[in-house]
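Structure below is model_29.txt: compact mmCIF, C-alpha atoms.
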# COMPACT_ATOMS: atom_id res chain seq x y z
CA MET L 189 -298.81 -12.37 -1.39
CA SER L 190 -300.43 -15.42 0.10
CA LYS L 191 -299.10 -16.78 3.36
CA ILE L 192 -298.40 -20.43 4.07
CA ARG L 193 -300.15 -22.19 6.93
CA VAL L 194 -297.80 -24.52 8.82
CA SER L 195 -298.65 -27.08 11.51
CA THR L 196 -295.75 -28.29 13.54
CA GLU L 197 -294.74 -29.32 17.04
CA ILE L 198 -292.44 -27.12 19.05
CA ASN L 199 -291.24 -28.23 22.48
CA ASN L 200 -293.99 -30.87 22.67
CA GLU L 201 -296.76 -28.42 21.89
CA GLU L 202 -298.72 -28.30 18.67
CA VAL L 203 -298.21 -24.99 16.98
CA GLU L 204 -299.77 -23.42 13.92
CA TYR L 205 -298.49 -20.31 12.23
CA LEU L 206 -298.77 -18.37 9.00
CA CYS L 207 -295.51 -17.47 7.33
CA ASN L 208 -294.19 -15.88 4.18
CA PRO L 209 -292.46 -18.27 1.78
CA HIS L 210 -289.11 -16.59 2.41
CA ASP L 211 -289.31 -16.47 6.23
CA THR L 212 -286.71 -18.60 7.95
CA MET L 213 -287.58 -20.82 10.88
CA LEU L 214 -285.53 -18.47 13.04
CA ASP L 215 -287.62 -15.47 11.87
CA VAL L 216 -290.82 -17.22 12.91
CA LEU L 217 -289.46 -18.52 16.23
CA ARG L 218 -288.25 -15.10 17.27
CA ASN L 219 -290.67 -12.67 15.68
CA GLN L 220 -293.96 -14.55 15.69
CA LEU L 221 -293.78 -17.18 18.40
CA ASP L 222 -291.79 -15.08 20.89
CA LEU L 223 -289.24 -17.86 21.28
CA THR L 224 -286.31 -15.48 21.36
CA GLY L 225 -283.82 -17.83 23.00
CA SER L 226 -282.46 -18.87 19.60
CA LYS L 227 -280.19 -16.07 18.39
CA GLU L 228 -279.23 -14.81 14.98
CA GLY L 229 -275.47 -14.47 14.79
CA CYS L 230 -274.38 -14.80 11.18
CA GLY L 231 -277.53 -15.82 9.32
CA SER L 232 -275.48 -18.11 7.08
CA GLY L 233 -274.98 -21.30 9.06
CA ASP L 234 -271.50 -20.52 10.36
CA CYS L 235 -272.00 -19.64 14.03
CA GLY L 236 -274.58 -22.08 15.39
CA SER L 237 -276.30 -19.59 17.72
CA CYS L 238 -279.67 -20.35 16.07
CA SER L 239 -279.32 -24.13 16.59
CA VAL L 240 -282.48 -26.16 17.09
CA ILE L 241 -283.20 -29.89 16.98
CA LEU L 242 -285.44 -30.76 14.04
CA ASP L 243 -286.84 -34.30 14.05
CA GLY L 244 -283.85 -35.41 16.14
CA GLU L 245 -281.31 -33.66 13.88
CA LEU L 246 -279.21 -30.66 14.93
CA VAL L 247 -279.74 -27.85 12.40
CA CYS L 248 -279.35 -24.10 12.01
CA SER L 249 -282.81 -22.54 12.09
CA CYS L 250 -281.48 -19.64 9.99
CA LEU L 251 -280.81 -22.08 7.13
CA MET L 252 -284.29 -23.50 7.09
CA LEU L 253 -287.48 -22.01 5.74
CA ALA L 254 -290.33 -21.81 8.23
CA ALA L 255 -292.52 -23.51 5.62
CA GLU L 256 -290.25 -26.57 5.74
CA ALA L 257 -291.32 -27.28 9.34
CA GLU L 258 -294.72 -28.65 8.28
CA GLY L 259 -295.31 -31.93 10.16
CA SER L 260 -292.00 -31.75 12.05
CA LYS L 261 -290.95 -31.80 15.67
CA ILE L 262 -288.72 -28.98 16.83
CA GLU L 263 -286.84 -28.59 20.10
CA THR L 264 -285.62 -25.12 21.05
CA ILE L 265 -283.78 -23.82 24.10
CA GLU L 266 -287.13 -22.81 25.65
CA GLY L 267 -288.08 -26.50 25.92
CA MET L 268 -284.89 -27.63 27.57
CA SER L 269 -285.82 -27.08 31.20
CA GLU L 270 -288.74 -29.08 32.57
CA GLY L 271 -291.28 -27.56 34.95
CA GLY L 272 -288.85 -24.86 36.04
CA LYS L 273 -286.06 -27.36 36.62
CA LEU L 274 -282.97 -26.71 34.55
CA HIS L 275 -281.63 -29.41 32.27
CA ALA L 276 -278.40 -30.98 33.61
CA LEU L 277 -276.43 -29.19 30.89
CA GLN L 278 -277.92 -25.81 31.81
CA GLN L 279 -277.14 -26.39 35.49
CA LYS L 280 -273.57 -27.45 34.72
CA PHE L 281 -272.96 -24.47 32.42
CA LEU L 282 -273.93 -22.24 35.35
CA GLU L 283 -271.80 -24.10 37.88
CA ARG L 284 -268.73 -24.17 35.66
CA ALA L 285 -269.22 -20.61 34.37
CA ALA L 286 -269.29 -21.97 30.84
CA LEU L 287 -270.62 -18.70 29.48
CA GLN L 288 -269.80 -15.04 29.52
CA CYS L 289 -271.91 -12.77 27.33
CA GLY L 290 -274.42 -15.57 26.73
CA ILE L 291 -275.26 -15.01 23.06
CA CYS L 292 -273.86 -18.36 21.94
CA THR L 293 -275.16 -20.21 25.01
CA PRO L 294 -278.60 -21.34 23.77
CA GLY L 295 -276.98 -22.76 20.64
CA MET L 296 -274.21 -24.38 22.67
CA LEU L 297 -276.74 -26.00 24.99
CA ILE L 298 -278.95 -27.29 22.18
CA ALA L 299 -275.93 -28.62 20.27
CA SER L 300 -274.59 -30.27 23.44
CA LYS L 301 -277.98 -31.85 24.11
CA ALA L 302 -278.10 -33.19 20.53
CA LEU L 303 -274.62 -34.66 21.05
CA LEU L 304 -275.55 -36.44 24.28
CA ASP L 305 -278.83 -37.65 22.70
CA HIS L 306 -276.79 -39.30 19.91
CA ASN L 307 -273.69 -40.21 21.91
CA PRO L 308 -274.01 -40.24 25.72
CA THR L 309 -270.32 -41.04 26.24
CA PRO L 310 -268.33 -38.70 24.01
CA THR L 311 -264.58 -38.23 24.25
CA GLU L 312 -263.17 -34.73 24.60
CA THR L 313 -262.21 -34.79 20.92
CA GLU L 314 -265.73 -35.78 19.95
CA VAL L 315 -267.18 -32.92 22.01
CA ARG L 316 -264.81 -30.43 20.41
CA TYR L 317 -265.59 -31.63 16.87
CA TRP L 318 -269.33 -31.72 17.53
CA LEU L 319 -269.31 -28.15 18.88
CA ALA L 320 -267.10 -26.87 16.04
CA GLY L 321 -270.21 -25.35 14.46
CA ASN L 322 -270.91 -23.20 17.53
CA LEU L 323 -268.76 -20.10 17.77
CA CYS L 324 -268.06 -18.41 21.10
CA ARG L 325 -265.97 -15.27 21.19
CA CYS L 326 -265.75 -15.03 24.99
CA THR L 327 -264.95 -18.26 26.75
CA GLY L 328 -262.22 -19.97 24.79
CA TYR L 329 -264.45 -23.10 24.79
CA ASP L 330 -262.59 -24.95 27.53
CA LYS L 331 -265.20 -24.50 30.24
CA ILE L 332 -267.97 -25.42 27.80
CA VAL L 333 -266.24 -28.63 26.76
CA LYS L 334 -265.53 -29.55 30.38
CA ALA L 335 -269.13 -28.88 31.38
CA VAL L 336 -270.43 -31.20 28.63
CA LEU L 337 -267.98 -33.94 29.61
CA GLU L 338 -268.97 -33.64 33.26
CA VAL L 339 -272.67 -33.98 32.42
CA ALA L 340 -271.84 -37.08 30.36
CA ASP L 341 -269.95 -38.49 33.34
CA ASP L 342 -272.83 -37.71 35.70
CA MET L 343 -275.26 -39.44 33.31
CA LYS L 344 -273.05 -42.56 33.32
CA GLU L 345 -273.14 -42.72 37.10
CA THR L 346 -276.90 -42.34 37.33
CA ALA L 347 -277.61 -44.74 34.46
CA MET A 269 -286.69 -12.46 -2.19
CA SER A 270 -290.16 -11.12 -1.51
CA GLU A 271 -291.72 -12.73 -4.56
CA THR A 272 -290.46 -16.23 -3.90
CA GLN A 273 -293.10 -18.94 -3.69
CA TYR A 274 -292.64 -22.24 -1.87
CA LEU A 275 -293.91 -25.71 -2.77
CA ALA A 276 -293.26 -29.10 -1.16
CA PRO A 277 -294.50 -31.78 -3.57
CA LYS A 278 -294.76 -35.44 -2.54
CA THR A 279 -293.69 -37.01 -5.83
CA ILE A 280 -290.93 -36.52 -8.41
CA ASP A 281 -293.54 -36.07 -11.12
CA GLU A 282 -295.25 -33.21 -9.25
CA ALA A 283 -291.88 -31.55 -8.59
CA VAL A 284 -290.80 -31.68 -12.23
CA LYS A 285 -294.18 -30.40 -13.42
CA ALA A 286 -294.12 -27.56 -10.89
CA HIS A 287 -290.69 -26.54 -12.17
CA SER A 288 -291.88 -26.54 -15.81
CA ALA A 289 -295.02 -24.58 -14.91
CA ALA A 290 -293.17 -21.97 -12.82
CA LYS A 291 -293.51 -18.36 -13.84
CA GLY A 292 -289.94 -17.13 -13.92
CA SER A 293 -287.06 -19.05 -12.40
CA ALA A 294 -287.40 -22.08 -10.15
CA ARG A 295 -284.91 -23.91 -7.93
CA PHE A 296 -285.07 -27.31 -6.28
CA LEU A 297 -284.33 -27.10 -2.55
CA ALA A 298 -282.66 -30.02 -0.78
CA GLY A 299 -280.77 -29.22 2.46
CA GLY A 300 -280.60 -25.53 1.59
CA THR A 301 -277.16 -25.00 3.11
CA ASP A 302 -275.95 -23.46 -0.16
CA LEU A 303 -279.20 -22.32 -1.78
CA LEU A 304 -280.66 -20.42 1.18
CA VAL A 305 -277.37 -18.58 1.74
CA GLN A 306 -277.33 -17.66 -1.97
CA ILE A 307 -280.93 -16.46 -1.83
CA LYS A 308 -280.36 -14.43 1.34
CA SER A 309 -277.34 -12.73 -0.17
CA GLY A 310 -279.19 -12.00 -3.42
CA ILE A 311 -276.94 -14.16 -5.63
CA LYS A 312 -279.96 -16.29 -6.60
CA LYS A 313 -283.47 -14.91 -6.87
CA PRO A 314 -285.80 -17.78 -7.72
CA ASN A 315 -289.50 -17.08 -8.13
CA LEU A 316 -290.28 -20.59 -6.97
CA VAL A 317 -288.49 -22.81 -4.47
CA ILE A 318 -289.44 -26.50 -4.74
CA ASP A 319 -288.59 -28.39 -1.56
CA ILE A 320 -287.79 -32.00 -2.53
CA LYS A 321 -287.25 -33.41 0.97
CA LYS A 322 -290.86 -34.60 1.31
CA ILE A 323 -290.38 -36.89 -1.70
CA VAL A 324 -289.66 -40.24 -0.06
CA GLU A 325 -287.46 -41.59 -2.86
CA LEU A 326 -285.22 -38.52 -2.79
CA ASN A 327 -284.82 -38.61 0.98
CA SER A 328 -284.01 -42.29 1.46
CA ILE A 329 -281.11 -44.70 1.19
CA LYS A 330 -281.91 -47.92 -0.64
CA GLU A 331 -279.88 -51.12 -0.86
CA VAL A 332 -280.97 -52.10 -4.37
CA SER A 333 -279.23 -55.47 -4.17
CA ASP A 334 -276.72 -56.86 -1.67
CA ASN A 335 -273.93 -54.23 -1.23
CA GLU A 336 -275.34 -51.99 -3.95
CA PHE A 337 -276.66 -48.63 -2.73
CA LYS A 338 -278.79 -45.88 -4.22
CA VAL A 339 -278.71 -42.65 -2.21
CA GLY A 340 -281.51 -40.14 -2.78
CA SER A 341 -280.27 -36.70 -3.77
CA ALA A 342 -281.67 -35.01 -0.63
CA VAL A 343 -280.30 -37.47 1.98
CA SER A 344 -278.37 -35.58 4.68
CA GLY A 345 -274.90 -36.37 5.97
CA ALA A 346 -276.25 -37.17 9.42
CA ASN A 347 -278.72 -39.62 7.88
CA LEU A 348 -276.17 -41.38 5.64
CA ASN A 349 -273.74 -41.59 8.56
CA ARG A 350 -276.24 -43.73 10.49
CA ASN A 351 -276.24 -46.42 7.78
CA LYS A 352 -273.55 -48.71 9.20
CA LYS A 353 -273.41 -50.98 6.15
CA PHE A 354 -272.91 -48.07 3.78
CA ALA A 355 -270.28 -46.60 6.12
CA ASN A 356 -268.39 -49.88 6.10
CA LEU A 357 -268.48 -50.28 2.31
CA TRP A 358 -267.70 -46.65 1.41
CA PRO A 359 -265.55 -45.14 4.20
CA GLY A 360 -263.91 -42.68 1.78
CA VAL A 361 -267.20 -41.34 0.46
CA LEU A 362 -268.55 -40.90 3.97
CA GLU A 363 -265.41 -39.21 5.32
CA ALA A 364 -265.47 -36.80 2.36
CA PHE A 365 -269.14 -35.98 2.82
CA ARG A 366 -268.82 -35.65 6.61
CA LEU A 367 -266.01 -33.10 6.24
CA ILE A 368 -268.50 -30.60 4.85
CA GLY A 369 -269.43 -28.03 7.48
CA SER A 370 -270.47 -28.46 11.09
CA GLU A 371 -272.88 -30.97 12.63
CA GLN A 372 -275.63 -28.38 12.05
CA ILE A 373 -274.78 -28.31 8.34
CA GLN A 374 -274.56 -32.12 8.27
CA GLY A 375 -278.11 -32.26 9.60
CA ARG A 376 -279.31 -30.78 6.31
CA ALA A 377 -276.61 -30.84 3.61
CA SER A 378 -276.96 -33.52 0.93
CA LEU A 379 -274.72 -35.34 -1.53
CA GLY A 380 -277.04 -34.15 -4.29
CA GLY A 381 -276.68 -30.54 -3.20
CA ASN A 382 -272.91 -30.79 -3.09
CA LEU A 383 -273.00 -32.05 -6.70
CA CYS A 384 -275.53 -29.53 -7.97
CA ASN A 385 -273.79 -26.57 -6.30
CA GLY A 386 -270.89 -27.42 -8.60
CA SER A 387 -268.00 -26.05 -6.57
CA PRO A 388 -264.67 -27.44 -7.85
CA ALA A 389 -263.77 -27.81 -4.16
CA GLY A 390 -266.89 -29.78 -3.12
CA ASP A 391 -265.49 -32.48 -0.86
CA SER A 392 -267.84 -35.31 -1.74
CA VAL A 393 -267.39 -34.99 -5.51
CA PRO A 394 -263.91 -36.56 -5.91
CA ALA A 395 -265.06 -39.40 -3.65
CA LEU A 396 -268.14 -40.04 -5.83
CA VAL A 397 -266.02 -39.93 -8.99
CA ALA A 398 -263.47 -42.36 -7.56
CA ALA A 399 -266.33 -44.58 -6.39
CA ARG A 400 -267.53 -44.89 -10.00
CA CYS A 401 -270.95 -43.54 -9.05
CA THR A 402 -273.58 -42.52 -11.54
CA ALA A 403 -276.21 -39.81 -11.25
CA THR A 404 -279.85 -40.42 -12.12
CA ILE A 405 -281.40 -37.30 -13.59
CA THR A 406 -285.01 -36.76 -14.51
CA GLY A 407 -286.81 -33.92 -16.23
CA PRO A 408 -289.56 -32.95 -18.63
CA ASN A 409 -287.86 -35.00 -21.38
CA GLY A 410 -287.40 -38.21 -19.40
CA SER A 411 -284.69 -39.78 -17.27
CA LYS A 412 -281.04 -40.64 -17.79
CA ASN A 413 -277.99 -41.94 -15.96
CA LEU A 414 -274.52 -40.57 -16.33
CA PRO A 415 -271.13 -40.93 -14.62
CA ILE A 416 -270.43 -38.30 -11.95
CA GLU A 417 -267.26 -37.18 -13.77
CA LYS A 418 -269.51 -35.96 -16.62
CA PHE A 419 -271.79 -33.98 -14.27
CA HIS A 420 -269.84 -30.70 -14.13
CA THR A 421 -268.89 -28.47 -17.02
CA GLY A 422 -267.18 -25.67 -15.07
CA PRO A 423 -267.17 -23.93 -11.69
CA GLY A 424 -270.81 -23.78 -10.55
CA LYS A 425 -271.95 -25.30 -13.85
CA THR A 426 -273.55 -28.68 -14.34
CA ILE A 427 -275.03 -30.58 -17.27
CA LEU A 428 -278.49 -30.19 -15.69
CA GLU A 429 -280.80 -28.41 -18.09
CA ASP A 430 -283.50 -26.08 -16.87
CA GLY A 431 -286.16 -28.16 -15.14
CA GLU A 432 -284.01 -31.25 -14.70
CA MET A 433 -283.62 -32.74 -11.26
CA LEU A 434 -280.96 -34.96 -9.71
CA VAL A 435 -282.82 -37.97 -8.31
CA SER A 436 -280.15 -40.24 -6.88
CA ILE A 437 -276.50 -41.09 -6.67
CA ASN A 438 -275.99 -44.74 -7.54
CA PHE A 439 -273.12 -46.70 -6.05
CA PRO A 440 -271.82 -49.79 -7.89
CA LYS A 441 -272.03 -53.18 -6.20
CA ARG A 442 -269.22 -53.39 -3.68
CA SER A 443 -266.96 -56.31 -2.80
CA MET A 444 -265.14 -56.65 0.50
CA ASN A 445 -261.69 -56.55 -1.13
CA SER A 446 -262.25 -52.91 -2.05
CA ALA A 447 -261.87 -49.69 -0.06
CA ASP A 448 -261.67 -45.97 -0.63
CA ALA A 449 -260.16 -43.01 1.19
CA TYR A 450 -260.44 -39.24 0.92
CA LEU A 451 -257.99 -36.64 2.16
CA ARG A 452 -258.07 -32.90 1.82
CA MET A 453 -255.71 -30.08 2.63
CA THR A 454 -257.18 -27.04 4.37
CA PRO A 455 -255.47 -24.13 6.16
CA ARG A 456 -257.61 -24.83 9.24
CA THR A 457 -258.24 -28.28 10.62
CA GLU A 458 -262.05 -28.01 10.39
CA MET A 459 -264.87 -25.87 8.97
CA ASP A 460 -262.87 -25.01 5.88
CA ILE A 461 -262.87 -25.48 2.12
CA ALA A 462 -260.45 -27.84 0.40
CA VAL A 463 -257.31 -26.35 -1.15
CA VAL A 464 -256.75 -29.81 -2.61
CA GLY A 465 -258.87 -32.94 -2.20
CA CYS A 466 -257.93 -36.43 -3.31
CA SER A 467 -259.94 -39.62 -3.36
CA VAL A 468 -258.54 -43.08 -4.07
CA ASN A 469 -260.68 -46.16 -4.58
CA ILE A 470 -258.94 -49.51 -5.01
CA SER A 471 -259.59 -53.24 -5.07
CA MET A 472 -256.89 -55.78 -4.24
CA GLU A 473 -256.68 -59.54 -4.64
CA ASN A 474 -253.77 -61.66 -3.37
CA GLY A 475 -251.72 -58.53 -2.80
CA LEU A 476 -252.26 -57.14 -6.30
CA CYS A 477 -254.36 -54.18 -7.32
CA THR A 478 -257.27 -55.21 -9.54
CA GLU A 479 -259.03 -51.87 -9.84
CA ALA A 480 -258.03 -48.28 -9.14
CA ARG A 481 -259.73 -44.90 -9.47
CA VAL A 482 -258.03 -41.67 -8.51
CA SER A 483 -259.78 -38.32 -8.40
CA LEU A 484 -258.66 -34.80 -7.48
CA GLY A 485 -260.72 -31.83 -6.32
CA ALA A 486 -260.01 -28.07 -6.09
CA VAL A 487 -257.11 -28.20 -8.57
CA ALA A 488 -259.01 -27.52 -11.81
CA PRO A 489 -262.30 -25.94 -12.95
CA THR A 490 -263.99 -29.29 -12.37
CA VAL A 491 -263.11 -32.38 -10.34
CA LEU A 492 -260.59 -34.52 -12.22
CA LEU A 493 -260.55 -38.26 -12.83
CA ILE A 494 -256.93 -39.32 -13.36
CA GLU A 495 -257.69 -41.98 -15.93
CA GLU A 496 -254.09 -43.05 -16.59
CA ALA A 497 -253.63 -43.84 -12.89
CA SER A 498 -255.60 -47.02 -13.24
CA ASN A 499 -253.37 -48.32 -16.09
CA ILE A 500 -250.28 -47.87 -13.96
CA MET A 501 -251.71 -49.20 -10.69
CA VAL A 502 -253.69 -52.27 -11.78
CA GLY A 503 -251.69 -55.51 -11.74
CA THR A 504 -249.06 -54.13 -9.34
CA ASP A 505 -248.60 -54.44 -5.58
CA LEU A 506 -248.82 -50.63 -5.29
CA ASN A 507 -245.18 -50.35 -4.19
CA SER A 508 -243.61 -46.97 -3.57
CA GLY A 509 -242.23 -46.77 -7.13
CA ILE A 510 -245.74 -47.12 -8.55
CA LEU A 511 -247.12 -44.54 -6.12
CA ASP A 512 -244.32 -42.13 -7.09
CA GLU A 513 -245.20 -42.57 -10.74
CA VAL A 514 -248.91 -41.90 -10.19
CA SER A 515 -248.28 -38.99 -7.83
CA LYS A 516 -246.35 -37.29 -10.68
CA LEU A 517 -249.38 -37.84 -12.91
CA CYS A 518 -251.56 -36.20 -10.27
CA SER A 519 -249.37 -33.12 -10.16
CA GLU A 520 -249.23 -32.93 -13.96
CA ALA A 521 -253.02 -33.09 -14.20
CA CYS A 522 -253.47 -30.07 -11.89
CA ASN A 523 -254.67 -26.84 -13.45
CA PRO A 524 -255.48 -24.83 -10.34
CA ILE A 525 -255.97 -21.17 -9.53
CA ASN A 526 -253.91 -18.93 -7.27
CA ASP A 527 -255.99 -17.54 -4.46
CA LYS A 528 -255.71 -16.48 -0.85
CA ARG A 529 -256.14 -20.07 0.23
CA GLY A 530 -253.42 -21.70 -1.85
CA THR A 531 -251.01 -20.99 -4.70
CA ILE A 532 -250.76 -22.94 -7.95
CA ASP A 533 -247.39 -24.37 -6.91
CA TYR A 534 -248.66 -25.40 -3.51
CA ARG A 535 -251.83 -27.07 -4.78
CA THR A 536 -249.87 -28.92 -7.46
CA LYS A 537 -247.36 -30.25 -4.96
CA VAL A 538 -249.92 -31.19 -2.33
CA ALA A 539 -252.01 -33.17 -4.84
CA ALA A 540 -249.14 -35.66 -5.20
CA VAL A 541 -248.73 -36.00 -1.44
CA LEU A 542 -252.42 -36.52 -0.76
CA PHE A 543 -252.63 -39.19 -3.48
CA LYS A 544 -249.92 -41.26 -1.80
CA ARG A 545 -251.37 -40.87 1.68
CA ALA A 546 -254.92 -41.65 0.59
CA THR A 547 -253.74 -44.77 -1.26
CA LEU A 548 -251.93 -46.05 1.83
CA ILE A 549 -255.08 -45.53 3.91
CA ALA A 550 -257.20 -47.41 1.34
CA ILE A 551 -254.70 -50.31 1.31
CA ASP A 552 -254.80 -50.47 5.12
CA ARG A 553 -258.59 -50.48 5.05
CA ILE A 554 -258.64 -53.48 2.72
CA LYS A 555 -256.15 -55.32 4.96
CA GLY A 556 -258.34 -54.54 7.97
CA ARG A 557 -261.49 -56.02 6.44

Write-out of the structure in structure tokens:
Amino acid sequence: MSKIRVSTEINNEEVEYLCNPHDTMLDVLRNQLDLTGSKEGCGSGDCGSCSVILDGELVCSCLMLAAEAEGSKIETIEGMSEGGKLHALQQKFLERAALQCGICTPGMLIASKALLDHNPTPTETEVRYWLAGNLCRCTGYDKIVKAVLEVADDMKETA
Amino acid sequence: MSETQYLAPKTIDEAVKAHSAAKGSARFLAGGTDLLVQIKSGIKKPNLVIDIKKIVELNSIKEVSDNEFKVGSAVSGANLNRNKKFANLWPGVLEAFRLIGSEQIQGRASLGGNLCNGSPAGDSVPALVAARCTATITGPNGSKNLPIEKFHTGPGKTILEDGEMLVSINFPKRSMNSADAYLRMTPRTEMDIAVVGCSVNISMENGLCTEARVSLGAVAPTVLLIEEASNIMVGTDLNSGILDEVSKLCSEACNPINDKRGTIDYRTKVAAVLFKRATLIAIDRIKGR
């Protein structure tokens, strides 16, 4: 079967890959590009652990074909820190212990970043609704929500 | 799934031709939040997947004339939500559409996909029916328009013939003395499927109702338009007696199933309650304009 050649941009770098028509974006990120930060939880769009930002939009990379990425811009968890410096959300998750086993964490961070990109001053309710597509079976969510709200507050002060 | 081919045409014409020329079965792919799950689980096994998101017309929102919108069948919830004018004119449609899935799902899922998937519980469908929307369909034998309430023939079944494609959902010209509202009942507060959905779309002038459309979801094999509701509501001030009368009609129209998510009795009763509540919200929205 013939493979599809895809040119795309991942974390500000131009990337080309060959994929099968049925490969998901998550398959290619993890198995071909060694970007294993995005996790496969459910594979059906319910858990959010494979979240990436596609052309500014938060999506599940398990519900997207790798072929669909042609000409797109993708942000994954691997692009979140800059030059070894953690993103404010990553730093705050550490400080507030907003993770336990860590499987949901890349998805939580990407989803939280997408939220703050769209809405830098969310209410607690808005954070909880926005993160409703990211399941965590360890933390009970409270520390995650608080960490996101604190980063939003910090951003307000520095703005 | 190993034999599936993928194409991403740039025009409607190319997409329709590719579908006709496909060896075996072909499916149009919009957001993929239903289709890719169905393919992964083996429920659907298309030989060809035709991605329609690169077709500009299908992935854009157009204001055809002042306050008259045409929404391409592949436009995502996140995209439609950013159109402030549309959101102001059709709050009920947007709240129904935005109830579907998480933000991740909203980044991809489309109105067109919700229609074509054909679930009787699809949240946006009652809202589109109440809004008096039409669907533009094109295929090998030409194009046509039809009202959304004629789109479904049963659970998961639509009037689309093999090779036909949903192009757009067309909203009628909107006046500022109109508003709509959608409410649904779910066991959980979020990330759930409607046990009952109800959409009400009304226009009022000088305190009297001049137009009314009431639609129910998840209480019958297809979404229902309660046609008699309009006869009772128009010309009145929508007092509680009128709402009682129409809420009875809503319950009578229900022909639901019993399942783990809701019983026949429960769905039938809740339909009446949601109708009243949605109507009151729509009235408030008109007053607030």

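Nearest-residue note for chain L: choosing from A:Leu275, A:Gly375, A:Leu316, A:Glu336, the minimum distance belongs to A:Gly375, counting all atoms listed in the file.
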
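The list of residues with at least one atom within 9 Å of Lys313 (chain A), based on all atoms listed in the file and without residues fewer than 3 positions apart in the same chain, reads A:Met269, A:Glu271, A:Thr272, A:Ser293, A:Ala294, A:Gln306, A:Ile307, A:Lys308, A:Gly310, A:Leu316.
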
Could you turn the residues from that selection into a file that holds C-alpha atoms, as an mmCIF file, keeping the file's coordinate frame?
data_model
loop_
_atom_site.group_PDB
_atom_site.id
_atom_site.type_symbol
_atom_site.label_atom_id
_atom_site.label_comp_id
_atom_site.auth_asym_id
_atom_site.auth_seq_id
_atom_site.Cartn_x
_atom_site.Cartn_y
_atom_site.Cartn_z
ATOM 1 C CA MET A 269 -286.690 -12.460 -2.190
ATOM 2 C CA GLU A 271 -291.720 -12.730 -4.560
ATOM 3 C CA THR A 272 -290.460 -16.230 -3.900
ATOM 4 C CA SER A 293 -287.060 -19.050 -12.400
ATOM 5 C CA ALA A 294 -287.400 -22.080 -10.150
ATOM 6 C CA GLN A 306 -277.330 -17.660 -1.970
ATOM 7 C CA ILE A 307 -280.930 -16.460 -1.830
ATOM 8 C CA LYS A 308 -280.360 -14.430 1.340
ATOM 9 C CA GLY A 310 -279.190 -12.000 -3.420
ATOM 10 C CA LEU A 316 -290.280 -20.590 -6.970
#

* To do: Specify as a ChimeraX atom specification all residues of chain L found within 9 Å of chain A, counting only C-alpha atoms.
  => /L:189-190,192,208-210,231-234,236,239-240,242,245-248,250-253,255-256,299,317-322

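One distance worth recording is that between CA of Ser436 (chain A) and CA of Ser341 (chain A), which is 4.7 Å.
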
* Asked: Expressed in Å to a single decimal, how great is the separation between CA of Lys330 (chain A) and CA of Asp391 (chain A)?
  -> 22.5 Å

* Fewer than 2 positions away in the same chain doesn't count, so skip those; otherwise give me all residues within 10 Å of region 491-505 of chain A, counting all atoms listed in the file, as a ChimeraX atom specification. => /A:386-391,393-395,397-398,416-423,465-467,470-489,507-508,510-511,513-515,517-518,521-523

* **Shell around Ala342 (chain A) at 8 Å using all atoms listed in the file, local window under 5 positions removed, as a VMD selection string** => chain A and resid 298 to 299 320 to 321 326 to 328 377 to 381

* Name the residues within 10 Å of (-264.4, -38.8, 4.7), counting all atoms listed in the file in the file's coordinates, and put them as number ranges by chain. => A: 355, 358-368, 391-392, 395, 448-452, 467

Give me a file of those residues, with C-alpha atoms, as a CSV table (one decimal), keeping the file's coordinate frame.
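Heads up, here's the output in again_17.csv:
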chain,number,residue,atom,x,y,z
A,355,ALA,CA,-270.3,-46.6,6.1
A,358,TRP,CA,-267.7,-46.6,1.4
A,359,PRO,CA,-265.6,-45.1,4.2
A,360,GLY,CA,-263.9,-42.7,1.8
A,361,VAL,CA,-267.2,-41.3,0.5
A,362,LEU,CA,-268.6,-40.9,4.0
A,363,GLU,CA,-265.4,-39.2,5.3
A,364,ALA,CA,-265.5,-36.8,2.4
A,365,PHE,CA,-269.1,-36.0,2.8
A,366,ARG,CA,-268.8,-35.6,6.6
A,367,LEU,CA,-266.0,-33.1,6.2
A,368,ILE,CA,-268.5,-30.6,4.8
A,391,ASP,CA,-265.5,-32.5,-0.9
A,392,SER,CA,-267.8,-35.3,-1.7
A,395,ALA,CA,-265.1,-39.4,-3.6
A,448,ASP,CA,-261.7,-46.0,-0.6
A,449,ALA,CA,-260.2,-43.0,1.2
A,450,TYR,CA,-260.4,-39.2,0.9
A,451,LEU,CA,-258.0,-36.6,2.2
A,452,ARG,CA,-258.1,-32.9,1.8
A,467,SER,CA,-259.9,-39.6,-3.4

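Among L:Thr346, L:Asn200, L:Thr293, L:Gln278, the residue with the shortest atom-to-atom distance to Ile262 (chain L), counting all atoms listed in the file, is L:Asn200.
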
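Interatomic distance, CA of Gly244 (chain L) to CA of Leu287 (chain L): 25.1 Å.
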
* List every protein, DNA or RNA residue that has at least one atom no more than 12 Å from (-264.5, -14.4, 23.5) in the file's coordinates, counting all atoms listed in the file, and write the result as a PyMOL selection string. => chain L and resi 286-292+323-330

How would the residues just picked look written out with C-alpha atoms as a tab-separated table (two decimals), in the coordinates of the input?
chain	number	residue	atom	x	y	z
L	286	ALA	CA	-269.29	-21.97	30.84
L	287	LEU	CA	-270.62	-18.70	29.48
L	288	GLN	CA	-269.80	-15.04	29.52
L	289	CYS	CA	-271.91	-12.77	27.33
L	290	GLY	CA	-274.42	-15.57	26.73
L	291	ILE	CA	-275.26	-15.01	23.06
L	292	CYS	CA	-273.86	-18.36	21.94
L	323	LEU	CA	-268.76	-20.10	17.77
L	324	CYS	CA	-268.06	-18.41	21.10
L	325	ARG	CA	-265.97	-15.27	21.19
L	326	CYS	CA	-265.75	-15.03	24.99
L	327	THR	CA	-264.95	-18.26	26.75
L	328	GLY	CA	-262.22	-19.97	24.79
L	329	TYR	CA	-264.45	-23.10	24.79
L	330	ASP	CA	-262.59	-24.95	27.53
